[in-house]
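Q: One file: my_file.txt (compact mmCIF, C-alpha atoms).
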# COMPACT_ATOMS: atom_id res chain seq x y z
CA MET O 23 9.96 -15.34 -17.86
CA LYS O 24 9.46 -14.73 -21.56
CA PHE O 25 11.05 -11.66 -23.15
CA ASP O 26 7.74 -10.42 -24.60
CA HIS O 27 5.98 -10.71 -21.26
CA THR O 28 8.68 -8.74 -19.43
CA GLU O 29 8.71 -6.14 -22.19
CA LYS O 30 4.92 -5.75 -21.96
CA MET O 31 5.08 -5.44 -18.19
CA MET O 32 7.71 -2.74 -18.52
CA MET O 33 5.59 -0.92 -21.09
CA ASP O 34 2.43 -1.24 -18.96
CA GLU O 35 4.09 0.31 -15.93
CA LYS O 36 3.66 3.80 -17.32
CA TYR O 37 -0.11 3.28 -17.62
CA ARG O 38 -0.55 2.13 -14.04
CA HIS O 39 -2.22 4.82 -11.93
CA LEU O 40 -0.20 6.24 -9.09
CA THR O 41 -1.16 4.94 -5.68
CA GLU O 42 -2.02 7.46 -2.97
CA ASP O 43 1.35 6.70 -1.36
CA GLU O 44 3.18 7.35 -4.63
CA LEU O 45 1.24 10.57 -5.14
CA TYR O 46 2.15 11.88 -1.67
CA SER O 47 5.77 10.79 -2.04
CA TYR O 48 5.96 12.34 -5.51
CA HIS O 49 4.72 15.63 -4.14
CA ALA O 50 7.16 15.38 -1.22
CA GLN O 51 9.95 14.50 -3.71
CA ALA O 52 10.55 11.36 -1.68
CA LEU O 53 10.42 8.78 -4.49
CA ASP O 54 13.57 6.98 -5.61
CA ALA O 55 14.92 7.60 -9.12
CA VAL O 56 12.90 4.78 -10.70
CA GLY O 57 9.68 5.72 -8.92
CA GLN O 58 10.18 9.34 -9.92
CA ALA O 59 10.76 8.38 -13.57
CA ARG O 60 7.65 6.20 -13.62
CA ALA O 61 5.53 8.88 -11.97
CA ASP O 62 6.79 11.50 -14.45
CA ALA O 63 6.00 9.21 -17.38
CA HIS O 64 2.53 8.40 -16.03
CA LEU O 65 1.63 11.99 -15.22
CA LYS O 66 2.35 12.96 -18.82
CA LEU O 67 -0.40 10.53 -19.86
CA CYS O 68 -2.98 10.61 -17.12
CA LEU O 69 -5.50 13.36 -16.63
CA ARG O 70 -6.94 11.69 -13.55
CA CYS O 71 -3.69 11.39 -11.58
CA GLY O 72 -2.71 14.87 -12.76
CA ARG O 73 -5.90 16.25 -11.22
CA ASP O 74 -5.35 14.30 -8.02
CA LEU O 75 -1.87 15.76 -7.77
CA ASP O 76 -3.22 19.28 -8.30
CA ILE O 77 -5.82 18.78 -5.56
CA LEU O 78 -3.15 17.51 -3.20
CA LYS O 79 -0.85 20.44 -4.00
CA GLN O 80 -3.68 22.92 -3.43
CA GLU O 81 -4.70 21.37 -0.12
CA ARG O 82 -1.11 21.25 1.14
CA ALA O 83 -0.65 24.88 0.22
CA ARG O 84 -3.84 26.11 1.95
CA PRO O 85 -2.83 28.15 5.01
CA GLU O 86 -6.07 27.20 6.83
CA ASN O 87 -4.92 23.60 6.92
CA ARG O 88 -1.91 24.64 8.98
CA GLN O 89 -3.94 26.56 11.54
CA VAL O 90 -5.29 25.02 14.72
CA THR O 91 -8.63 26.52 15.74
CA ALA O 92 -10.46 26.43 19.07
CA SER O 93 -12.95 23.94 17.64
CA ASP O 94 -10.05 21.70 16.54
CA ILE O 95 -8.74 21.69 20.10
CA ALA O 96 -12.21 20.93 21.46
CA MET O 97 -12.62 18.03 19.02
CA VAL O 98 -9.18 16.60 19.86
CA ARG O 99 -9.91 16.82 23.60
CA ARG O 100 -13.26 15.11 23.20
CA LEU O 101 -11.77 12.29 21.14
CA ARG O 102 -8.90 11.84 23.60
CA GLN O 103 -11.39 11.61 26.42
CA GLU O 104 -13.42 9.01 24.53
CA GLN O 105 -10.26 7.03 23.86
CA ALA O 106 -9.25 7.18 27.54
CA SER O 107 -12.70 5.95 28.61
CA GLU O 108 -12.50 3.07 26.15
CA LEU O 109 -9.08 2.13 27.49
CA GLN O 110 -10.37 2.20 31.03
CA ARG O 111 -13.30 0.01 30.09
CA ALA O 112 -10.92 -2.44 28.40
CA LYS O 113 -8.69 -2.53 31.50
CA ALA O 114 -11.67 -3.03 33.78
CA GLY O 115 -12.74 -5.90 31.55
CA ASN O 116 -9.28 -7.47 32.01
CA GLU O 117 -8.23 -7.13 28.40
CA VAL O 118 -5.32 -9.44 27.64
CA PRO O 119 -1.96 -7.71 26.92
CA ILE O 120 -0.96 -7.94 23.26
CA LYS O 121 2.05 -10.19 23.95
CA ASP O 122 -0.08 -12.72 25.80
CA LEU O 123 -2.75 -12.47 23.13
CA PHE O 124 -0.19 -13.29 20.43
CA THR O 125 1.23 -16.22 22.39
CA GLY O 126 -2.35 -17.50 22.69
CA TYR O 127 -2.82 -17.18 18.91
CA LEU O 128 0.34 -19.18 18.25
CA GLY O 129 -0.85 -21.91 20.60
CA GLN O 130 -4.17 -22.18 18.76
CA LEU O 131 -2.39 -22.11 15.40
CA VAL O 132 0.02 -24.93 16.28
CA ASP O 133 -2.82 -27.08 17.65
CA SER O 134 -4.78 -26.60 14.44
CA TRP O 135 -1.73 -27.37 12.26
CA GLN O 136 -0.83 -30.50 14.16
CA SER O 137 -4.31 -31.95 14.18
CA TYR O 138 -4.69 -31.25 10.43
CA PHE O 139 -1.38 -32.76 9.36
CA ARG O 140 -1.63 -35.75 11.70
CA GLN O 141 -4.67 -36.80 9.73
CA LYS O 142 -3.68 -35.66 6.26
CA GLN O 143 -0.36 -35.81 4.55
CA LYS O 144 -1.51 -33.41 1.88
CA GLN O 145 0.50 -30.20 1.82
CA ASP O 146 -2.19 -27.70 1.07
CA GLY O 147 -5.67 -26.95 2.27
CA TRP O 148 -4.76 -26.01 5.83
CA GLN O 149 -6.18 -22.75 7.05
CA TRP O 150 -6.75 -21.41 10.50
CA GLU O 151 -8.46 -18.47 12.14
CA SER O 152 -8.06 -17.46 15.78
CA LYS O 153 -11.09 -17.81 18.00
CA ASP O 154 -11.58 -14.03 18.09
CA GLY O 155 -11.26 -13.89 14.27
CA ARG O 156 -8.37 -11.41 14.36
CA MET O 157 -5.52 -13.59 13.14
CA ARG O 158 -5.43 -15.99 10.22
CA ALA O 159 -2.88 -18.35 8.69
CA TYR O 160 -2.99 -20.61 5.64
CA VAL O 161 -0.79 -22.74 3.46
CA VAL O 162 -0.28 -22.51 -0.28
CA SER O 163 1.65 -25.15 -2.22
CA GLY O 164 4.36 -23.85 -4.52
CA GLU O 165 5.12 -24.90 -8.09
CA ASP O 166 8.29 -26.62 -6.93
CA ALA O 167 6.32 -28.82 -4.49
CA GLY O 168 7.39 -26.63 -1.58
CA LEU O 169 4.95 -24.59 0.44
CA THR O 170 4.38 -21.12 1.82
CA ILE O 171 2.76 -20.38 5.16
CA HIS O 172 1.01 -17.00 5.28
CA PHE O 173 0.20 -15.15 8.51
CA THR O 174 -2.12 -12.15 8.62
CA SER O 175 -3.97 -10.10 11.21
CA ASP O 176 -6.09 -6.96 11.31
CA ASP O 177 -4.67 -6.12 14.73
CA VAL O 178 -2.02 -3.60 13.72
CA ARG O 179 -0.62 -3.55 17.25
CA LEU O 180 1.11 -6.76 16.20
CA GLU O 181 3.37 -4.85 13.79
CA GLY O 182 6.99 -5.76 14.46
CA THR O 183 6.09 -8.89 16.44
CA SER O 184 8.59 -11.65 15.64
CA PHE O 185 8.30 -15.37 16.00
CA ASN O 186 10.32 -18.47 15.22
CA VAL O 187 9.04 -21.15 12.89
CA HIS O 188 10.65 -24.59 13.20
CA LEU O 189 9.64 -27.14 10.61
CA GLY O 190 11.98 -29.86 9.36
CA SER O 191 15.33 -28.24 8.66
CA ILE O 192 13.76 -24.78 8.79
CA ASN O 193 14.32 -22.60 11.82
CA ARG O 194 13.40 -19.12 10.79
CA MET O 195 12.52 -15.90 12.54
CA ILE O 196 9.87 -13.85 10.79
CA THR O 197 8.30 -10.52 11.65
CA LEU O 198 4.79 -9.24 11.05
CA GLN O 199 4.99 -6.14 8.87
CA LEU O 200 2.41 -3.46 8.33
CA VAL O 201 1.08 -3.81 4.77
CA SER O 202 -1.86 -1.42 5.06
CA ASP O 203 -3.51 0.65 7.77
CA SER O 204 -5.49 -2.40 8.84
CA GLU O 205 -3.30 -5.42 8.17
CA VAL O 206 -0.03 -6.93 9.33
CA TYR O 207 1.42 -9.78 7.33
CA ALA O 208 4.32 -12.23 7.16
CA LYS O 209 5.08 -15.39 5.26
CA VAL O 210 7.60 -18.16 5.25
CA ASP O 211 8.58 -20.12 2.13
CA ILE O 212 9.76 -23.69 2.51
CA THR O 213 11.24 -25.60 -0.43
CA ARG O 214 10.39 -29.24 -0.97
CA TYR O 215 13.95 -30.19 0.08
CA GLN O 216 13.40 -28.55 3.46
CA LEU O 217 10.06 -30.23 4.16
CA PRO O 218 10.08 -32.96 6.82
CA ILE O 219 8.33 -36.30 6.29
CA ASN O 220 6.15 -35.59 9.29
CA LEU O 221 4.54 -32.26 8.50
CA ALA O 222 2.77 -32.19 11.84
CA ALA O 223 6.05 -31.64 13.65
CA ILE O 224 5.91 -27.85 13.67
CA LYS O 225 6.97 -25.56 16.48
CA ILE O 226 6.17 -21.84 16.49
CA GLU O 227 7.29 -19.65 19.33
CA PRO O 228 7.15 -15.92 19.98
CA PHE O 229 10.54 -14.27 19.72
CA SER O 230 11.44 -12.38 22.85
CA MET H 19 13.04 15.63 13.58
CA LYS H 20 13.70 18.84 15.53
CA ASP H 21 14.81 18.74 19.18
CA ASP H 22 11.53 20.10 20.60
CA GLU H 23 9.58 17.54 18.55
CA LEU H 24 11.83 14.74 19.79
CA ASP H 25 11.24 15.96 23.32
CA GLN H 26 7.46 15.85 22.75
CA TRP H 27 7.79 12.28 21.52
CA ARG H 28 9.91 11.27 24.51
CA ARG H 29 7.41 12.78 26.93
CA TYR H 30 4.46 11.17 25.12
CA LYS H 31 6.02 7.73 25.12
CA ASN H 32 6.64 8.17 28.85
CA GLY H 33 2.93 8.66 29.39
CA ASP H 34 2.72 12.49 29.42
CA ALA H 35 -0.88 13.37 28.45
CA ASP H 36 -0.03 16.97 27.53
CA ALA H 37 2.62 15.79 25.10
CA HIS H 38 0.01 13.52 23.49
CA GLU H 39 -2.28 16.47 22.85
CA GLU H 40 0.61 18.63 21.64
CA LEU H 41 1.61 15.97 19.14
CA ILE H 42 -1.93 15.52 17.85
CA LEU H 43 -2.26 19.27 17.32
CA HIS H 44 1.21 19.45 15.79
CA TYR H 45 0.30 16.85 13.16
CA LEU H 46 -3.33 17.89 12.76
CA TYR H 47 -2.50 19.49 9.41
CA LEU H 48 -2.03 15.98 7.97
CA VAL H 49 -5.65 15.18 8.86
CA LYS H 50 -6.88 18.49 7.47
CA ILE H 51 -5.09 17.95 4.18
CA GLN H 52 -6.47 14.42 3.81
CA VAL H 53 -9.98 15.55 4.71
CA GLY H 54 -9.67 18.49 2.30
CA VAL H 55 -8.58 16.18 -0.54
CA THR H 56 -11.36 13.69 0.23
CA CYS H 57 -14.09 16.34 0.48
CA ARG H 58 -13.07 17.80 -2.90
CA LYS H 59 -13.62 14.37 -4.42
CA ALA H 60 -16.57 13.17 -2.35
CA SER H 61 -18.37 16.47 -1.85
CA TRP H 62 -21.34 14.74 -0.22
CA ALA H 63 -19.29 13.61 2.81
CA SER H 64 -19.46 15.55 6.08
CA ARG H 65 -16.18 17.34 6.83
CA GLU H 66 -16.69 17.07 10.57
CA ASP H 67 -17.26 13.32 10.47
CA LEU H 68 -14.17 12.86 8.35
CA MET H 69 -12.10 15.06 10.69
CA GLN H 70 -13.08 12.84 13.61
CA GLU H 71 -12.12 9.68 11.73
CA GLY H 72 -8.87 11.26 10.58
CA ILE H 73 -7.92 12.28 14.13
CA LYS H 74 -8.59 8.72 15.31
CA GLY H 75 -6.28 7.49 12.53
CA LEU H 76 -3.63 9.99 13.62
CA MET H 77 -3.96 8.82 17.24
CA THR H 78 -3.43 5.20 16.15
CA ALA H 79 -0.34 6.21 14.18
CA LEU H 80 1.04 8.10 17.20
CA ALA H 81 0.50 5.09 19.44
CA LEU H 82 2.23 2.67 17.06
CA TYR H 83 5.06 4.83 15.76
CA LYS H 84 8.54 4.22 17.09
CA PRO H 85 10.52 7.48 16.89
CA ASP H 86 13.81 5.57 16.68
CA SER H 87 12.62 3.51 13.70
CA GLY H 88 14.17 5.93 11.25
CA LYS H 89 10.86 6.27 9.37
CA GLU H 90 9.41 9.71 8.69
CA PHE H 91 6.33 10.13 10.86
CA GLU H 92 4.44 12.07 8.19
CA ALA H 93 4.72 9.24 5.67
CA TYR H 94 3.96 6.65 8.36
CA ALA H 95 0.87 8.46 9.64
CA GLN H 96 -0.49 9.16 6.18
CA LYS H 97 -1.53 5.52 5.74
CA PHE H 98 -3.50 5.48 8.99
CA ILE H 99 -5.17 8.82 8.43
CA ARG H 100 -6.11 8.09 4.82
CA GLY H 101 -7.38 4.63 5.74
CA ALA H 102 -9.55 6.00 8.54
CA VAL H 103 -10.97 8.81 6.39
CA VAL H 104 -11.61 6.84 3.22
CA ARG H 105 -13.07 3.87 5.10
CA ASN H 106 -15.81 6.12 6.43
CA PRO H 107 -19.04 4.78 4.89
CA GLU H 108 -20.05 8.35 3.98
CA VAL H 109 -17.26 8.51 1.42
CA SER H 110 -18.24 5.44 -0.55
CA ARG H 111 -21.96 6.13 -0.26
CA MET H 112 -23.31 6.64 -3.77
CA GLY H 113 -26.13 5.44 -5.95
CA ARG H 114 -25.77 2.76 -8.57
CA TYR H 115 -26.26 5.29 -11.39
CA GLN H 116 -23.54 7.57 -10.07
CA TYR H 117 -21.24 4.59 -9.62
CA GLU H 118 -21.80 3.52 -13.21
CA ILE H 119 -20.99 7.00 -14.51
CA TYR H 120 -17.71 7.04 -12.58
CA ARG H 121 -16.84 3.58 -13.84
CA ASP H 122 -17.60 4.50 -17.47
CA VAL H 123 -15.54 7.68 -17.31
CA GLY H 124 -12.61 5.82 -15.76
CA LYS H 125 -12.82 3.17 -18.44
CA ALA H 126 -13.01 5.72 -21.28
CA HIS H 127 -10.08 7.68 -19.83
CA ASP H 128 -7.87 4.60 -19.49
CA GLU H 129 -8.71 3.25 -22.94
CA LEU H 130 -7.94 6.59 -24.57
CA MET H 131 -4.69 6.98 -22.63
CA ARG H 132 -3.47 3.68 -24.06
CA GLU H 133 -4.82 4.16 -27.57
CA LEU H 134 -3.56 7.70 -28.02
CA GLY H 135 -0.32 7.26 -26.07
CA ARG H 136 -0.91 10.70 -24.55
CA MET H 137 -3.18 12.40 -22.04
CA PRO H 138 -6.76 12.39 -23.32
CA ASN H 139 -8.64 15.68 -23.12
CA ILE H 140 -12.14 16.25 -21.72
CA GLU H 141 -13.77 16.43 -25.17
CA GLU H 142 -12.35 13.05 -26.13
CA ILE H 143 -13.58 11.46 -22.90
CA VAL H 144 -17.01 13.08 -23.39
CA GLU H 145 -17.19 11.64 -26.89
CA ARG H 146 -16.03 8.17 -25.88
CA SER H 147 -18.25 7.86 -22.81
CA GLY H 148 -21.33 9.57 -24.24
CA LEU H 149 -21.70 11.60 -21.02
CA THR H 150 -21.83 15.37 -20.47
CA GLU H 151 -18.77 17.50 -19.73
CA ASP H 152 -19.97 18.13 -16.16
CA GLN H 153 -20.48 14.43 -15.54
CA VAL H 154 -17.00 13.69 -16.85
CA ASN H 155 -15.38 16.42 -14.75
CA ASN H 156 -17.11 15.33 -11.56
CA ALA H 157 -16.29 11.72 -12.19
CA LEU H 158 -12.61 12.41 -12.92
CA ASN H 159 -12.27 14.11 -9.55
CA ALA H 160 -13.98 11.30 -7.73
CA THR H 161 -12.72 8.15 -9.43
CA SER H 162 -9.73 7.70 -7.16
CA ILE H 163 -12.01 7.82 -4.12
CA CYS H 164 -14.51 5.41 -5.58
CA PHE H 165 -12.13 2.86 -7.05
CA ALA H 166 -9.02 1.49 -5.43
CA ARG H 167 -6.14 3.44 -7.00
CA GLN H 168 -3.91 0.43 -7.09
CA PHE H 169 -5.95 -1.33 -9.72
CA SER H 170 -6.14 0.47 -13.00
CA ASP H 171 -8.28 -1.97 -14.95
CA TYR H 172 -11.97 -1.37 -14.74
CA ASP H 173 -13.08 -4.95 -14.88
CA ALA H 174 -15.43 -6.59 -12.43
CA GLU H 175 -12.59 -8.01 -10.38
CA SER H 176 -10.71 -4.81 -9.85
CA ILE H 177 -13.81 -2.83 -8.87
CA THR H 178 -14.37 -5.19 -6.00
CA GLY H 179 -10.70 -4.91 -5.10
CA ARG H 180 -9.87 -8.50 -6.03
CA ALA H 181 -7.32 -7.82 -8.74
CA THR H 182 -4.85 -10.58 -9.45
CA VAL H 183 -2.38 -10.41 -6.62
CA ALA H 184 0.36 -12.26 -8.47
CA HIS H 185 0.27 -9.77 -11.32
CA GLU H 186 0.28 -6.84 -8.90
CA ASP H 187 3.32 -8.34 -7.15
CA GLU H 188 5.14 -8.55 -10.48
CA ARG H 189 4.41 -4.91 -11.17
CA ILE H 190 5.85 -3.82 -7.85
CA LEU H 191 8.82 -6.09 -8.36
CA ILE H 192 9.73 -4.66 -11.73
CA GLN H 193 10.33 -1.25 -10.18
CA GLU H 194 12.43 -2.70 -7.38
CA LEU H 195 14.46 -4.77 -9.80
CA LEU H 196 15.09 -1.91 -12.19
CA CYS H 197 17.19 -0.42 -9.40
CA ARG H 198 19.49 -3.42 -9.66
CA LEU H 199 20.43 -2.62 -13.25
CA GLY H 200 23.42 -0.39 -13.93
CA LYS H 201 22.61 3.33 -13.99
CA LYS H 202 23.12 3.70 -17.74
CA THR H 203 21.23 0.51 -18.65
CA ARG H 204 18.36 1.59 -16.42
CA ARG H 205 18.26 4.98 -18.13
CA ILE H 206 18.13 3.28 -21.54
CA VAL H 207 15.22 1.05 -20.47
CA ILE H 208 13.30 3.96 -18.92
CA GLU H 209 13.85 6.23 -21.90
CA TYR H 210 12.65 3.56 -24.33
CA TYR H 211 9.68 2.04 -22.49
CA TRP H 212 8.43 4.93 -20.37
CA ASN H 213 9.51 8.04 -22.23
CA GLY H 214 8.78 6.64 -25.68
CA ARG H 215 12.18 7.38 -27.24
CA THR H 216 13.55 5.26 -30.06
CA ASP H 217 16.87 3.39 -29.89
CA GLU H 218 18.24 5.95 -32.33
CA GLU H 219 17.23 8.92 -30.17
CA ILE H 220 18.70 7.30 -27.07
CA ALA H 221 21.89 6.52 -29.00
CA GLY H 222 22.14 10.21 -29.89
CA ARG H 223 21.76 11.24 -26.24
CA PHE H 224 24.35 8.79 -24.94
CA GLY H 225 26.76 9.17 -27.86
CA MET H 226 26.54 5.44 -28.60
CA LYS H 227 25.63 3.32 -31.61
CA LYS H 228 21.96 2.46 -32.16
CA ASP H 229 22.73 -1.28 -32.26
CA THR H 230 24.59 -1.11 -28.95
CA ILE H 231 21.60 0.60 -27.33
CA LYS H 232 19.24 -2.05 -28.73
CA LYS H 233 21.45 -4.90 -27.49
CA ASN H 234 21.80 -3.35 -24.03
CA ARG H 235 18.06 -2.81 -23.79
CA GLN H 236 17.22 -6.36 -24.82
CA ARG H 237 19.81 -7.80 -22.45
CA ALA H 238 18.34 -5.68 -19.64
CA ILE H 239 14.81 -6.96 -20.32
CA THR H 240 16.04 -10.56 -20.34
CA LYS H 241 17.85 -9.93 -17.06
CA LEU H 242 14.74 -8.35 -15.55
CA GLY H 243 12.68 -11.39 -16.54
CA THR H 244 15.21 -13.69 -14.88
CA LEU H 245 15.31 -11.55 -11.74
CA ILE H 246 11.51 -11.50 -11.50
CA GLU H 247 11.37 -15.30 -11.74
CA ALA H 248 14.05 -15.64 -9.06
CA GLU H 249 12.43 -13.08 -6.76
CA LYS H 250 8.97 -14.60 -7.01
CA GLY H 251 10.27 -17.57 -5.08
CA THR H 252 11.74 -15.56 -2.20
CA GLU H 253 10.19 -14.11 0.91
CA ARG H 254 9.31 -10.48 0.39
CA TYR H 255 8.17 -9.75 3.89
CA GLU H 256 10.64 -11.83 5.79
CA VAL H 257 13.18 -10.07 7.97
Write the structure described by the file as structure tokens, please.
A:
Amino acid sequence: MKFDHTEKMMMDEKYRHLTEDELYSYHAQALDAVGQARADAHLKLCLRCGRDLDILKQERARPENRQVTASDIAMVRRLRQEQASELQRAKAGNEVPIKDLFTGYLGQLVDSWQSYFRQKQKQDGWQWESKDGRMRAYVVSGEDAGLTIHFTSDDVRLEGTSFNVHLGSINRMITLQLVSDSEVYAKVDITRYQLPINLAAIKIEPFS
Amino acid sequence: MKDDELDQWRRYKNGDADAHEELILHYLYLVKIQVGVTCRKASWASREDLMQEGIKGLMTALALYKPDSGKEFEAYAQKFIRGAVVRNPEVSRMGRYQYEIYRDVGKAHDELMRELGRMPNIEEIVERSGLTEDQVNNALNATSICFARQFSDYDAESITGRATVAHEDERILIQELLCRLGKKTRRIVIEYYWNGRTDEEIAGRFGMKKDTIKKNRQRAITKLGTLIEAEKGTERYEV
């Protein structure tokens, strides 16, 4: 990377607004030394983030926010009841356990991969979505003629789910990580030297 | 985590319904704080609706959290609660005119911050945006609700949340990689690029020669560039 580009990136960092996570961590003094230094530098410049921090400080300091009222308890009980009814309905409807659901996704994914790469020897262009639309995977070719397989799902219950990817000389265990409140994600990078001649020969299994 | 809290978690994970309610009420303050922050920015949203969404977010966090993971529950839950509250359609409900005001104020603020190299004041933003002081004040409170905080540029792409992912990755990387520099070198880089000090001022602080500071700083930037290139090819989320 060019010197000027890196220097500009470094310079620009102080102008980047603090994310909500950074703001909360800054207030909780939970940022590392670099994060703290960047936040300090940005807050000296930014009226908007400064105001957000003030609002957060004020709300955290409000004693009413620490009190639990009778109407809070009533609301919590009602929501818990609603949740329990939903769960019961799901059970009655024979909802598939998450582990079985994930194994089913992997089966669909491998079928899609194999049928795509049996026909095409192109590396990119493959993308797949589970039948229920909750899990997706796709391939992106790298600059070095390798490729990256991305896995994503909006079912956050899959956080921490691991699986093995076997392709050519690759045999790698990867784990879906929570990247936001509504997405889990994982990827596997494969260099061109690791790619097999027959791209269709993939095996993906849940890690137990 | 205190012993009684750990006990609540153990009981909850073993299916104790009372412990579930106790935990929700114990962490309810997180929801109230988030709802309080959101209502101050999006005053049109209904507090009760947001409380309900926030509690649902808290319940999801409780269900997914693993007490032995070593993560702080408060930080873990924050994501779920904020997501549930801010995703409520009430929060983002606003007219086109209002939206444009918020966008213009954000743009004026960010331009001035860069041009002046300091925090702009209200009068300067009023002058730049051509809006009234009240409009500017309201908009400054609400911008972070209306626009994704992560993306600071007010172009068409970032407003729709489609900012360039590669560039965003590089930005996150640079902070991670700074930690890999030696403590003194890192301090030099931070003082120069973030705190606006000259090589001479830094040299004075560290009791070193100006040229040595300059060389160290340039070497550090070159090293950062190399590290970014190397890291871009590795798997960030792989375990």
Q: Do a neighbour search on H:Glu39 at 8 Å with all atoms listed in the file, toss out local chain neighbours closer than 3 positions, and write the hits as a PDB file with C-alpha atoms, keeping the file's coordinate frame.
A:
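Below is the file that was written, around37.pdb:
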ATOM      1  CA  VAL O  98      -9.180  16.600  19.860  1.00  0.00           C
ATOM      2  CA  ARG O  99      -9.910  16.820  23.600  1.00  0.00           C
TER       3      ARG O  99
ATOM      4  CA  ALA H  35      -0.880  13.370  28.450  1.00  0.00           C
ATOM      5  CA  ASP H  36      -0.030  16.970  27.530  1.00  0.00           C
ATOM      6  CA  ILE H  42      -1.930  15.520  17.850  1.00  0.00           C
ATOM      7  CA  LEU H  43      -2.260  19.270  17.320  1.00  0.00           C
TER       8      LEU H  43
END
Q: Residues of chain O within 8 Å of chain H, using all atoms listed in the file, as a ChimeraX atom specification?
A: /O:23-25,28-29,31-33,35-43,47,56-57,59-60,63,66-70,73-74,77-78,81-82,87-90,95,97-99,101,179,195-199,202-204,207-211
Q: Taking C-alpha atoms for each residue, export the selection above as a compact mmCIF listing (two decimals), keeping the file's coordinate frame.
A:
# COMPACT_ATOMS: atom_id res chain seq x y z
CA MET O 23 9.96 -15.34 -17.86
CA LYS O 24 9.46 -14.73 -21.56
CA PHE O 25 11.05 -11.66 -23.15
CA THR O 28 8.68 -8.74 -19.43
CA GLU O 29 8.71 -6.14 -22.19
CA MET O 31 5.08 -5.44 -18.19
CA MET O 32 7.71 -2.74 -18.52
CA MET O 33 5.59 -0.92 -21.09
CA GLU O 35 4.09 0.31 -15.93
CA LYS O 36 3.66 3.80 -17.32
CA TYR O 37 -0.11 3.28 -17.62
CA ARG O 38 -0.55 2.13 -14.04
CA HIS O 39 -2.22 4.82 -11.93
CA LEU O 40 -0.20 6.24 -9.09
CA THR O 41 -1.16 4.94 -5.68
CA GLU O 42 -2.02 7.46 -2.97
CA ASP O 43 1.35 6.70 -1.36
CA SER O 47 5.77 10.79 -2.04
CA VAL O 56 12.90 4.78 -10.70
CA GLY O 57 9.68 5.72 -8.92
CA ALA O 59 10.76 8.38 -13.57
CA ARG O 60 7.65 6.20 -13.62
CA ALA O 63 6.00 9.21 -17.38
CA LYS O 66 2.35 12.96 -18.82
CA LEU O 67 -0.40 10.53 -19.86
CA CYS O 68 -2.98 10.61 -17.12
CA LEU O 69 -5.50 13.36 -16.63
CA ARG O 70 -6.94 11.69 -13.55
CA ARG O 73 -5.90 16.25 -11.22
CA ASP O 74 -5.35 14.30 -8.02
CA ILE O 77 -5.82 18.78 -5.56
CA LEU O 78 -3.15 17.51 -3.20
CA GLU O 81 -4.70 21.37 -0.12
CA ARG O 82 -1.11 21.25 1.14
CA ASN O 87 -4.92 23.60 6.92
CA ARG O 88 -1.91 24.64 8.98
CA GLN O 89 -3.94 26.56 11.54
CA VAL O 90 -5.29 25.02 14.72
CA ILE O 95 -8.74 21.69 20.10
CA MET O 97 -12.62 18.03 19.02
CA VAL O 98 -9.18 16.60 19.86
CA ARG O 99 -9.91 16.82 23.60
CA LEU O 101 -11.77 12.29 21.14
CA ARG O 179 -0.62 -3.55 17.25
CA MET O 195 12.52 -15.90 12.54
CA ILE O 196 9.87 -13.85 10.79
CA THR O 197 8.30 -10.52 11.65
CA LEU O 198 4.79 -9.24 11.05
CA GLN O 199 4.99 -6.14 8.87
CA SER O 202 -1.86 -1.42 5.06
CA ASP O 203 -3.51 0.65 7.77
CA SER O 204 -5.49 -2.40 8.84
CA TYR O 207 1.42 -9.78 7.33
CA ALA O 208 4.32 -12.23 7.16
CA LYS O 209 5.08 -15.39 5.26
CA VAL O 210 7.60 -18.16 5.25
CA ASP O 211 8.58 -20.12 2.13
Q: Under the rule that all atoms listed in the file are counted, which of O:Asn193, O:Thr91, O:Gln141, O:Thr183 is the nearest residue to O:Asp122?
A: O:Thr183
Q: Could you give me, as a PyMOL selection string, the residues within 10 Å of O:Gln136, counting only C-alpha atoms and dropping anything in the same chain fewer than 6 positions from it?
A: chain O and resi 142+220-225
Q: Just the selected residues (C-alpha atoms), exported as a compact mmCIF listing (two decimals), in the frame of the given file, please.
A:
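File out_4.txt, as written:
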# COMPACT_ATOMS: atom_id res chain seq x y z
CA LYS O 142 -3.68 -35.66 6.26
CA ASN O 220 6.15 -35.59 9.29
CA LEU O 221 4.54 -32.26 8.50
CA ALA O 222 2.77 -32.19 11.84
CA ALA O 223 6.05 -31.64 13.65
CA ILE O 224 5.91 -27.85 13.67
CA LYS O 225 6.97 -25.56 16.48
Q: From the set O:Gly147, O:Gly72, O:Ile226, O:Gly164, which residue has the shortest atom-to-atom contact distance to O:Leu131, counting all atoms listed in the file?
A: O:Ile226
Q: Between H:Glu145, H:Glu23, H:Glu129, H:Glu92, which is the closest to H:Leu76 once you count only C-alpha atoms?
A: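 When distances to H:Leu76 are compared using only C-alpha atoms, the smallest one comes from H:Glu92.
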Q: Separation of atom CA of O:Leu217 and atom CA of O:Thr125, in Å?
A: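 Computing the Euclidean distance for atom CA of O:Leu217 and atom CA of O:Thr125 yields 24.6 Å.
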Q: Provide the atom CA of O:Gly126 to atom CA of O:Trp148 distance in Å, to one decimal place.
A: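 That distance, rounded to one decimal, is 19.0 Å.
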Q: Between atom CA of H:Pro107 and atom CA of O:Asp76, what is the distance in Å, rounded to a tenth?
A: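 Going from atom CA of H:Pro107 over to atom CA of O:Asp76, I get 25.2 Å.
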Q: Smallest atom-to-atom distance to O:Thr174: which of O:Ala96, O:Val206, O:Val201, O:Val162, using only C-alpha atoms?
A: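 Between O:Ala96, O:Val206, O:Val201, O:Val162, the residue approaching O:Thr174 most closely is O:Val206.
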